[in-house]
Amino acid sequence: MTQLTWKTHELTVGELSQRSGVPASALRFYEREGLIHSRRTSGNQRRYTRDTLRRVAFVRSSQRVGIPLGRIREVLSLFPEDHVLTKEDWARISECWREDLTERIEQLENLRDSLTDCIGCGCLSIDKCALANPYDKLGEQGAGARRLLKSCC
């Protein structure tokens with residue numbers, strides 16, 4: 001592994017990939033999506049500032065908990081691209097997602113608790129469906145597992 005010194009101000013895509021554990025192809029995708037930014041050298045090579053490591057770690061962590069890239073981009077766009085994100089910035093960002101994450105947790109708990117009995121889809125293929133969803137009333141609310149969605153319960 002290439003060792004970067006504290007004096008290293010910019011990283012190549014390979015160095016960023018190695019340090020972050022994210023494939024170079026994903027880094028290029030993140031750049032196309034506006035999640036990270038680079039400058040180009042005279043030879044058209046990408047150079048990333050060191051703080052890009054923080055942004056990449058944030059993007060990856062956000063993806064792991066299910067935050068869509070569009071939402072990640074929205075939040076990161078609140079800051080200028082040359083702004084080094086601080087602890088206070090991260091706290092502010094996490095507040096933006098608290099409600100989303102709470103809703104996701106509730107949906108997953110509903111799925112976990114209902115999965116063995118019925119997936120709540122109105123399929124009538126399980127004996128209990130006739131009791132939990134007589135005459136497919138949930139089907140009138142739309143497609144999908146209606147009982148597991150917070151808005152329809």
# chains A, B, ... in the order shown; residues from 1 in each chain; ligands from 1
$ residues_around --residues "segment 75-89 of chain A" --least-positions-apart "3" --cutoff "7 Å" --atoms "only C-alpha atoms" --output "list in words"
Leu35, His37, Asp51, Arg71, Ile72, Arg92 and Ile93 of chain A
$ atom_distance --atom1 "atom CA of Tyr48 of chain A" --atom2 "atom CA of Tyr30 of chain A"
12.3 Å
$ select_by_dssp --residues "segment 18-85 of chain A" --states "helix (DSSP H, G or I)" --output "JSON, numbers by chain"
{"A": [18, 19, 20, 24, 25, 26, 27, 28, 29, 30, 31, 32, 52, 53, 54, 55, 56, 57, 58, 59, 60, 61, 62, 63, 64, 69, 70, 71, 72, 73, 74, 75, 76]}
$ write_last_selection --atoms "N, CA and C atoms" --output "compact mmCIF listing (two decimals), in the first residue's frame"
# COMPACT_ATOMS: atom_id res chain seq x y z
N GLN A 18 -7.05 3.30 -3.20
CA GLN A 18 -6.33 2.46 -2.25
C GLN A 18 -6.61 2.89 -0.81
N ARG A 19 -6.58 4.17 -0.54
CA ARG A 19 -6.81 4.67 0.82
C ARG A 19 -8.25 4.50 1.27
N SER A 20 -9.20 4.66 0.35
CA SER A 20 -10.62 4.60 0.73
C SER A 20 -11.19 3.19 0.65
N ALA A 24 -11.63 2.42 -8.24
CA ALA A 24 -11.46 3.64 -9.04
C ALA A 24 -12.69 3.89 -9.91
N SER A 25 -13.29 2.83 -10.42
CA SER A 25 -14.49 2.99 -11.26
C SER A 25 -15.62 3.63 -10.45
N ALA A 26 -15.76 3.25 -9.19
CA ALA A 26 -16.79 3.85 -8.33
C ALA A 26 -16.47 5.31 -8.05
N LEU A 27 -15.20 5.63 -7.86
CA LEU A 27 -14.80 7.02 -7.63
C LEU A 27 -15.13 7.88 -8.84
N ARG A 28 -14.86 7.35 -10.02
CA ARG A 28 -15.20 8.11 -11.25
C ARG A 28 -16.72 8.29 -11.35
N PHE A 29 -17.47 7.25 -10.97
CA PHE A 29 -18.94 7.35 -10.95
C PHE A 29 -19.38 8.42 -9.96
N TYR A 30 -18.82 8.41 -8.74
CA TYR A 30 -19.16 9.42 -7.74
C TYR A 30 -18.88 10.82 -8.28
N GLU A 31 -17.81 10.95 -9.02
CA GLU A 31 -17.48 12.27 -9.59
C GLU A 31 -18.51 12.67 -10.64
N ARG A 32 -18.87 11.74 -11.50
CA ARG A 32 -19.90 12.03 -12.51
C ARG A 32 -21.22 12.42 -11.85
N THR A 52 -11.23 14.68 0.24
CA THR A 52 -12.12 13.82 -0.54
C THR A 52 -12.25 12.46 0.14
N LEU A 53 -11.23 12.05 0.88
CA LEU A 53 -11.32 10.79 1.64
C LEU A 53 -12.51 10.83 2.60
N ARG A 54 -12.73 11.98 3.25
CA ARG A 54 -13.86 12.10 4.16
C ARG A 54 -15.18 11.99 3.41
N ARG A 55 -15.26 12.67 2.27
CA ARG A 55 -16.50 12.62 1.50
C ARG A 55 -16.79 11.20 1.01
N VAL A 56 -15.75 10.50 0.55
CA VAL A 56 -15.94 9.13 0.08
C VAL A 56 -16.41 8.24 1.23
N ALA A 57 -15.78 8.38 2.40
CA ALA A 57 -16.19 7.59 3.56
C ALA A 57 -17.64 7.89 3.92
N PHE A 58 -18.02 9.16 3.83
CA PHE A 58 -19.39 9.55 4.14
C PHE A 58 -20.37 8.94 3.13
N VAL A 59 -20.02 9.00 1.85
CA VAL A 59 -20.89 8.43 0.81
C VAL A 59 -21.07 6.94 1.04
N ARG A 60 -19.98 6.24 1.30
CA ARG A 60 -20.05 4.79 1.50
C ARG A 60 -20.88 4.44 2.75
N SER A 61 -20.66 5.15 3.82
CA SER A 61 -21.42 4.90 5.05
C SER A 61 -22.90 5.17 4.82
N SER A 62 -23.19 6.24 4.11
CA SER A 62 -24.58 6.59 3.83
C SER A 62 -25.24 5.52 2.97
N GLN A 63 -24.51 5.03 1.99
CA GLN A 63 -25.06 3.97 1.15
C GLN A 63 -25.33 2.71 1.95
N ARG A 64 -24.45 2.39 2.88
CA ARG A 64 -24.62 1.17 3.69
C ARG A 64 -25.91 1.20 4.51
N LEU A 69 -28.27 7.73 -3.49
CA LEU A 69 -27.25 8.67 -3.94
C LEU A 69 -27.83 10.06 -4.19
N GLY A 70 -29.05 10.14 -4.65
CA GLY A 70 -29.67 11.44 -4.89
C GLY A 70 -29.78 12.27 -3.61
N ARG A 71 -30.14 11.61 -2.51
CA ARG A 71 -30.22 12.31 -1.22
C ARG A 71 -28.83 12.69 -0.72
N ILE A 72 -27.86 11.82 -0.94
CA ILE A 72 -26.48 12.13 -0.54
C ILE A 72 -26.00 13.35 -1.30
N ARG A 73 -26.28 13.38 -2.60
CA ARG A 73 -25.87 14.51 -3.43
C ARG A 73 -26.54 15.80 -2.96
N GLU A 74 -27.82 15.73 -2.64
CA GLU A 74 -28.55 16.92 -2.16
C GLU A 74 -27.87 17.53 -0.94
N VAL A 75 -27.53 16.68 0.00
CA VAL A 75 -26.93 17.18 1.23
C VAL A 75 -25.53 17.72 0.98
N LEU A 76 -24.74 17.00 0.20
CA LEU A 76 -23.38 17.47 -0.07
C LEU A 76 -23.38 18.76 -0.90
$ decode --residues "segment 74-97 of chain A" --atoms "N, CA, C and O atoms" --output "PDB file, in the first residue's frame"
ATOM      1  N   GLU A  74     -27.824  15.733  -2.644  1.00  0.00           N
ATOM      2  CA  GLU A  74     -28.550  16.917  -2.162  1.00  0.00           C
ATOM      3  C   GLU A  74     -27.870  17.528  -0.943  1.00  0.00           C
ATOM      4  O   GLU A  74     -27.677  18.743  -0.869  1.00  0.00           O
ATOM      5  N   VAL A  75     -27.533  16.683   0.000  1.00  0.00           N
ATOM      6  CA  VAL A  75     -26.933  17.177   1.233  1.00  0.00           C
ATOM      7  C   VAL A  75     -25.532  17.719   0.975  1.00  0.00           C
ATOM      8  O   VAL A  75     -25.175  18.798   1.458  1.00  0.00           O
ATOM      9  N   LEU A  76     -24.740  17.003   0.196  1.00  0.00           N
ATOM     10  CA  LEU A  76     -23.379  17.474  -0.073  1.00  0.00           C
ATOM     11  C   LEU A  76     -23.377  18.762  -0.903  1.00  0.00           C
ATOM     12  O   LEU A  76     -22.450  19.555  -0.807  1.00  0.00           O
ATOM     13  N   SER A  77     -24.427  18.967  -1.682  1.00  0.00           N
ATOM     14  CA  SER A  77     -24.487  20.189  -2.495  1.00  0.00           C
ATOM     15  C   SER A  77     -24.718  21.439  -1.645  1.00  0.00           C
ATOM     16  O   SER A  77     -24.578  22.555  -2.136  1.00  0.00           O
ATOM     17  N   LEU A  78     -25.076  21.253  -0.379  1.00  0.00           N
ATOM     18  CA  LEU A  78     -25.258  22.395   0.515  1.00  0.00           C
ATOM     19  C   LEU A  78     -23.921  23.068   0.855  1.00  0.00           C
ATOM     20  O   LEU A  78     -23.897  24.177   1.363  1.00  0.00           O
ATOM     21  N   PHE A  79     -22.830  22.368   0.575  1.00  0.00           N
ATOM     22  CA  PHE A  79     -21.505  22.874   0.904  1.00  0.00           C
ATOM     23  C   PHE A  79     -20.725  23.157  -0.373  1.00  0.00           C
ATOM     24  O   PHE A  79     -20.825  22.408  -1.339  1.00  0.00           O
ATOM     25  N   PRO A  80     -19.913  24.222  -0.394  1.00  0.00           N
ATOM     26  CA  PRO A  80     -19.069  24.471  -1.568  1.00  0.00           C
ATOM     27  C   PRO A  80     -18.120  23.298  -1.779  1.00  0.00           C
ATOM     28  O   PRO A  80     -17.725  22.627  -0.816  1.00  0.00           O
ATOM     29  N   GLU A  81     -17.751  23.025  -3.030  1.00  0.00           N
ATOM     30  CA  GLU A  81     -16.934  21.839  -3.296  1.00  0.00           C
ATOM     31  C   GLU A  81     -15.549  21.914  -2.662  1.00  0.00           C
ATOM     32  O   GLU A  81     -14.939  20.892  -2.390  1.00  0.00           O
ATOM     33  N   ASP A  82     -15.038  23.113  -2.386  1.00  0.00           N
ATOM     34  CA  ASP A  82     -13.719  23.220  -1.756  1.00  0.00           C
ATOM     35  C   ASP A  82     -13.805  23.328  -0.232  1.00  0.00           C
ATOM     36  O   ASP A  82     -12.806  23.500   0.448  1.00  0.00           O
ATOM     37  N   HIS A  83     -15.000  23.182   0.309  1.00  0.00           N
ATOM     38  CA  HIS A  83     -15.209  23.277   1.753  1.00  0.00           C
ATOM     39  C   HIS A  83     -14.810  21.955   2.415  1.00  0.00           C
ATOM     40  O   HIS A  83     -15.286  20.892   2.036  1.00  0.00           O
ATOM     41  N   VAL A  84     -13.926  22.010   3.392  1.00  0.00           N
ATOM     42  CA  VAL A  84     -13.557  20.824   4.155  1.00  0.00           C
ATOM     43  C   VAL A  84     -14.627  20.619   5.219  1.00  0.00           C
ATOM     44  O   VAL A  84     -14.834  21.474   6.079  1.00  0.00           O
ATOM     45  N   LEU A  85     -15.320  19.507   5.122  1.00  0.00           N
ATOM     46  CA  LEU A  85     -16.425  19.240   6.027  1.00  0.00           C
ATOM     47  C   LEU A  85     -15.915  19.031   7.449  1.00  0.00           C
ATOM     48  O   LEU A  85     -14.946  18.323   7.683  1.00  0.00           O
ATOM     49  N   THR A  86     -16.594  19.649   8.391  1.00  0.00           N
ATOM     50  CA  THR A  86     -16.201  19.607   9.794  1.00  0.00           C
ATOM     51  C   THR A  86     -17.124  18.674  10.572  1.00  0.00           C
ATOM     52  O   THR A  86     -18.148  18.207  10.056  1.00  0.00           O
ATOM     53  N   LYS A  87     -16.800  18.471  11.835  1.00  0.00           N
ATOM     54  CA  LYS A  87     -17.637  17.665  12.711  1.00  0.00           C
ATOM     55  C   LYS A  87     -19.038  18.259  12.801  1.00  0.00           C
ATOM     56  O   LYS A  87     -20.032  17.538  12.798  1.00  0.00           O
ATOM     57  N   GLU A  88     -19.116  19.579  12.860  1.00  0.00           N
ATOM     58  CA  GLU A  88     -20.421  20.249  12.939  1.00  0.00           C
ATOM     59  C   GLU A  88     -21.226  20.026  11.653  1.00  0.00           C
ATOM     60  O   GLU A  88     -22.441  19.853  11.695  1.00  0.00           O
ATOM     61  N   ASP A  89     -20.533  20.047  10.511  1.00  0.00           N
ATOM     62  CA  ASP A  89     -21.198  19.783   9.234  1.00  0.00           C
ATOM     63  C   ASP A  89     -21.792  18.377   9.234  1.00  0.00           C
ATOM     64  O   ASP A  89     -22.936  18.170   8.824  1.00  0.00           O
ATOM     65  N   TRP A  90     -20.999  17.406   9.690  1.00  0.00           N
ATOM     66  CA  TRP A  90     -21.476  16.022   9.707  1.00  0.00           C
ATOM     67  C   TRP A  90     -22.681  15.884  10.633  1.00  0.00           C
ATOM     68  O   TRP A  90     -23.629  15.164  10.321  1.00  0.00           O
ATOM     69  N   ALA A  91     -22.648  16.580  11.764  1.00  0.00           N
ATOM     70  CA  ALA A  91     -23.790  16.531  12.691  1.00  0.00           C
ATOM     71  C   ALA A  91     -25.042  17.101  12.014  1.00  0.00           C
ATOM     72  O   ALA A  91     -26.135  16.547  12.140  1.00  0.00           O
ATOM     73  N   ARG A  92     -24.875  18.188  11.287  1.00  0.00           N
ATOM     74  CA  ARG A  92     -25.997  18.813  10.581  1.00  0.00           C
ATOM     75  C   ARG A  92     -26.550  17.882   9.505  1.00  0.00           C
ATOM     76  O   ARG A  92     -27.773  17.742   9.349  1.00  0.00           O
ATOM     77  N   ILE A  93     -25.643  17.242   8.787  1.00  0.00           N
ATOM     78  CA  ILE A  93     -26.058  16.313   7.734  1.00  0.00           C
ATOM     79  C   ILE A  93     -26.825  15.143   8.343  1.00  0.00           C
ATOM     80  O   ILE A  93     -27.879  14.750   7.838  1.00  0.00           O
ATOM     81  N   SER A  94     -26.310  14.583   9.429  1.00  0.00           N
ATOM     82  CA  SER A  94     -26.968  13.417  10.017  1.00  0.00           C
ATOM     83  C   SER A  94     -28.378  13.753  10.497  1.00  0.00           C
ATOM     84  O   SER A  94     -29.265  12.903  10.457  1.00  0.00           O
ATOM     85  N   GLU A  95     -28.596  14.974  10.928  1.00  0.00           N
ATOM     86  CA  GLU A  95     -29.939  15.389  11.332  1.00  0.00           C
ATOM     87  C   GLU A  95     -30.900  15.359  10.154  1.00  0.00           C
ATOM     88  O   GLU A  95     -32.085  15.061  10.316  1.00  0.00           O
ATOM     89  N   CYS A  96     -30.394  15.686   8.972  1.00  0.00           N
ATOM     90  CA  CYS A  96     -31.243  15.662   7.767  1.00  0.00           C
ATOM     91  C   CYS A  96     -31.801  14.266   7.517  1.00  0.00           C
ATOM     92  O   CYS A  96     -32.864  14.126   6.933  1.00  0.00           O
ATOM     93  N   TRP A  97     -31.073  13.250   7.948  1.00  0.00           N
ATOM     94  CA  TRP A  97     -31.458  11.883   7.626  1.00  0.00           C
ATOM     95  C   TRP A  97     -32.076  11.129   8.779  1.00  0.00           C
ATOM     96  O   TRP A  97     -32.513  10.001   8.627  1.00  0.00           O
TER      97      TRP A  97
END
